[in-house]
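For reference, data.csv (CSV, N, CA and C atoms):
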chain,number,residue,atom,x,y,z
Q,111,MET,N,-59.0,111.7,-55.1
Q,111,MET,CA,-58.0,110.6,-55.1
Q,111,MET,C,-57.1,110.9,-53.8
Q,112,ILE,N,-56.9,110.0,-53.0
Q,112,ILE,CA,-56.1,110.1,-51.8
Q,112,ILE,C,-54.9,109.2,-51.9
Q,113,LEU,N,-53.7,109.8,-51.8
Q,113,LEU,CA,-52.5,109.1,-51.9
Q,113,LEU,C,-52.1,108.6,-50.5
Q,114,ALA,N,-52.2,107.3,-50.2
Q,114,ALA,CA,-52.0,106.8,-48.9
Q,114,ALA,C,-50.9,105.8,-48.9
Q,115,GLY,N,-49.8,106.1,-49.5
Q,115,GLY,CA,-48.7,105.2,-49.5
Q,115,GLY,C,-47.4,106.1,-49.6
Q,116,GLY,N,-46.3,105.4,-49.7
Q,116,GLY,CA,-45.0,106.1,-49.8
Q,116,GLY,C,-44.0,105.5,-48.7
Q,117,ALA,N,-42.8,105.9,-48.8
Q,117,ALA,CA,-41.8,105.4,-48.0
Q,117,ALA,C,-41.7,106.0,-46.6
Q,118,ALA,N,-42.3,107.2,-46.4
Q,118,ALA,CA,-42.3,107.9,-45.1
Q,118,ALA,C,-40.9,108.1,-44.5
Q,119,ARG,N,-39.9,108.4,-45.4
Q,119,ARG,CA,-38.5,108.5,-45.0
Q,119,ARG,C,-38.4,109.6,-43.8
Q,120,ARG,N,-39.1,110.7,-43.9
Q,120,ARG,CA,-38.9,111.7,-42.9
Q,120,ARG,C,-39.5,111.3,-41.6
Q,121,LEU,N,-40.4,110.3,-41.6
Q,121,LEU,CA,-40.9,109.8,-40.3
Q,121,LEU,C,-40.3,108.4,-39.9
Q,122,GLY,N,-39.2,108.1,-40.5
Q,122,GLY,CA,-38.5,106.8,-40.1
Q,122,GLY,C,-39.3,105.6,-40.6
Q,123,GLY,N,-40.0,105.7,-41.6
Q,123,GLY,CA,-40.7,104.6,-42.2
Q,123,GLY,C,-42.1,104.3,-41.6
Q,124,VAL,N,-42.6,105.1,-40.7
Q,124,VAL,CA,-43.9,104.9,-40.1
Q,124,VAL,C,-45.0,105.0,-41.1
Q,125,ASP,N,-46.0,104.2,-40.9
Q,125,ASP,CA,-47.2,104.1,-41.8
Q,125,ASP,C,-48.0,105.4,-41.6
Q,126,LYS,N,-47.8,106.4,-42.4
Q,126,LYS,CA,-48.5,107.7,-42.2
Q,126,LYS,C,-50.0,107.6,-42.2
Q,127,PRO,N,-50.7,106.9,-43.1
Q,127,PRO,CA,-52.1,106.9,-43.0
Q,127,PRO,C,-52.6,106.3,-41.7
Q,128,ALA,N,-51.8,105.5,-41.0
Q,128,ALA,CA,-52.2,104.8,-39.7
Q,128,ALA,C,-51.9,105.7,-38.5
Q,129,LEU,N,-51.1,106.8,-38.7
Q,129,LEU,CA,-50.8,107.7,-37.6
Q,129,LEU,C,-52.1,108.2,-37.0
Q,130,ARG,N,-52.2,108.3,-35.7
Q,130,ARG,CA,-53.4,108.7,-35.0
Q,130,ARG,C,-53.3,110.2,-34.8
Q,131,VAL,N,-54.3,110.9,-35.2
Q,131,VAL,CA,-54.4,112.4,-35.0
Q,131,VAL,C,-55.8,112.6,-34.3
Q,132,GLY,N,-55.8,113.1,-33.1
Q,132,GLY,CA,-57.0,113.3,-32.3
Q,132,GLY,C,-57.7,111.9,-32.0
Q,133,GLY,N,-56.9,110.9,-31.9
Q,133,GLY,CA,-57.4,109.6,-31.5
Q,133,GLY,C,-57.9,108.7,-32.7
Q,134,ARG,N,-57.8,109.3,-33.9
Q,134,ARG,CA,-58.2,108.5,-35.1
Q,134,ARG,C,-57.2,108.4,-36.1
Q,135,PRO,N,-57.1,107.3,-36.9
Q,135,PRO,CA,-56.1,107.2,-38.0
Q,135,PRO,C,-56.3,108.4,-39.0
Q,136,LEU,N,-55.1,108.9,-39.5
Q,136,LEU,CA,-55.1,110.0,-40.4
Q,136,LEU,C,-56.0,109.7,-41.6
Q,137,LEU,N,-55.9,108.4,-42.1
Q,137,LEU,CA,-56.7,108.1,-43.3
Q,137,LEU,C,-58.1,108.2,-43.1
Q,138,ASP,N,-58.6,107.8,-41.9
Q,138,ASP,CA,-60.1,107.9,-41.6
Q,138,ASP,C,-60.5,109.4,-41.6
Q,139,ARG,N,-59.6,110.2,-41.0
Q,139,ARG,CA,-59.9,111.7,-41.0
Q,139,ARG,C,-60.0,112.3,-42.4
Q,140,VAL,N,-59.1,111.9,-43.3
Q,140,VAL,CA,-59.1,112.4,-44.6
Q,140,VAL,C,-60.4,111.8,-45.4
Q,141,LEU,N,-60.7,110.6,-45.2
Q,141,LEU,CA,-61.9,110.0,-45.8
Q,141,LEU,C,-63.2,110.8,-45.3
Q,142,ASP,N,-63.2,111.1,-44.1
Q,142,ASP,CA,-64.4,111.9,-43.6
Q,142,ASP,C,-64.4,113.3,-44.2
Q,143,ALA,N,-63.3,113.9,-44.4
Q,143,ALA,CA,-63.2,115.2,-45.1
Q,143,ALA,C,-63.7,115.1,-46.5
Q,144,CYS,N,-63.6,114.0,-47.2
Q,144,CYS,CA,-64.0,113.8,-48.6
Q,144,CYS,C,-65.3,113.2,-48.7
Q,145,ARG,N,-66.1,113.1,-47.7
Q,145,ARG,CA,-67.4,112.4,-47.7
Q,145,ARG,C,-68.3,112.9,-48.8
Q,146,GLY,N,-68.3,114.2,-49.1
Q,146,GLY,CA,-69.2,114.7,-50.1
Q,146,GLY,C,-68.7,114.5,-51.6
Q,147,ALA,N,-67.6,113.9,-51.7
Q,147,ALA,CA,-67.1,113.6,-53.1
Q,147,ALA,C,-68.0,112.6,-53.8
Q,148,GLY,N,-68.1,112.7,-55.1
Q,148,GLY,CA,-68.9,111.7,-55.8
Q,148,GLY,C,-68.3,110.3,-55.8
Q,149,ARG,N,-66.9,110.3,-55.8
Q,149,ARG,CA,-66.2,109.0,-55.8
Q,149,ARG,C,-64.9,109.3,-55.1
Q,150,THR,N,-64.5,108.3,-54.3
Q,150,THR,CA,-63.2,108.5,-53.6
Q,150,THR,C,-62.4,107.3,-53.9
Q,151,VAL,N,-61.1,107.5,-54.3
Q,151,VAL,CA,-60.2,106.5,-54.6
Q,151,VAL,C,-59.0,106.6,-53.7
Q,152,VAL,N,-58.6,105.6,-53.0
Q,152,VAL,CA,-57.5,105.6,-52.1
Q,152,VAL,C,-56.4,104.8,-52.8
Q,153,VAL,N,-55.2,105.4,-53.0
Q,153,VAL,CA,-54.1,104.8,-53.7
Q,153,VAL,C,-53.1,104.4,-52.6
Q,154,GLY,N,-52.8,103.1,-52.5
Q,154,GLY,CA,-51.8,102.6,-51.5
Q,154,GLY,C,-52.2,101.2,-51.1
Q,155,PRO,N,-51.4,100.7,-50.2
Q,155,PRO,CA,-51.6,99.3,-49.8
Q,155,PRO,C,-53.0,99.2,-49.1
Q,156,ARG,N,-53.5,98.0,-49.1
Q,156,ARG,CA,-54.8,97.7,-48.3
Q,156,ARG,C,-54.6,97.9,-46.9
Q,157,ARG,N,-55.6,98.5,-46.2
Q,157,ARG,CA,-55.5,98.7,-44.8
Q,157,ARG,C,-56.9,98.9,-44.3
Q,158,PRO,N,-57.2,98.6,-43.0
Q,158,PRO,CA,-58.5,98.8,-42.5
Q,158,PRO,C,-58.8,100.3,-42.3
Q,159,THR,N,-60.1,100.6,-42.5
Q,159,THR,CA,-60.5,102.0,-42.2
Q,159,THR,C,-61.7,102.0,-41.3

Write out the structure in this file as structure tokens.
Amino acid sequence: MILAGGAARRLGGVDKPALRVGGRPLLDRVLDACRGAGRTVVVGPRRPT
């Protein structure tokens, strides 16, 4: 289960899952890291991946 939501108060309200790390959105990087999981659930607002 990936928690991809929240207020991001410490980042001034920036959409954390959309933050780019190494040129890719953070959510995409986390999803790649979970690739071997039997099931992946993302909790948060809809967004492109």

Skipping near chain neighbours, those fewer than 3 positions away, what residues fall within 12 Å of Ala117 (chain Q) using only C-alpha atoms, listed as a PyMOL selection string? chain Q and resi 113-114+120-127+154-155

Would you list the contacts of Met111 (chain Q) as a PyMOL selection string, taking every protein, DNA or RNA residue within 6.5 Å and counting only N, CA and C atoms, but skipping same-chain residues closer than 4 positions in sequence? chain Q and resi 149-153

Pairwise distance for atom C of Leu136 (chain Q) and atom C of Gly148 (chain Q), rounded to one decimal in Å: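 Taking atom C of Leu136 (chain Q) and atom C of Gly148 (chain Q), their separation equals 18.8 Å.
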
Atom pair atom N of Leu137 (chain Q) + atom N of Gly116 (chain Q), distance 12.6 Å

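Atom C of Cys144 (chain Q) to atom C of Ala118 (chain Q) spans 25.3 Å [interatomic distance, one decimal].
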
Apply DSSP to the backbone of this structure and, from chain Q, keep only the residues in helix (DSSP H, G or I); write these as number ranges by chain. Q: 119-121, 126-128, 136-143

DSSP says strand (DSSP E or B) for which residues of chain Q? Put them as a PyMOL selection string? chain Q and resi 112-113+130-131+134-135+152-153

Quick one: everything within 9 Å of region 138-140 of chain Q, counting only C-alpha atoms, minus sequence neighbours fewer than 6 positions away in the same chain. Send it as a ChimeraX atom specification. /Q:112,127-128,131,159
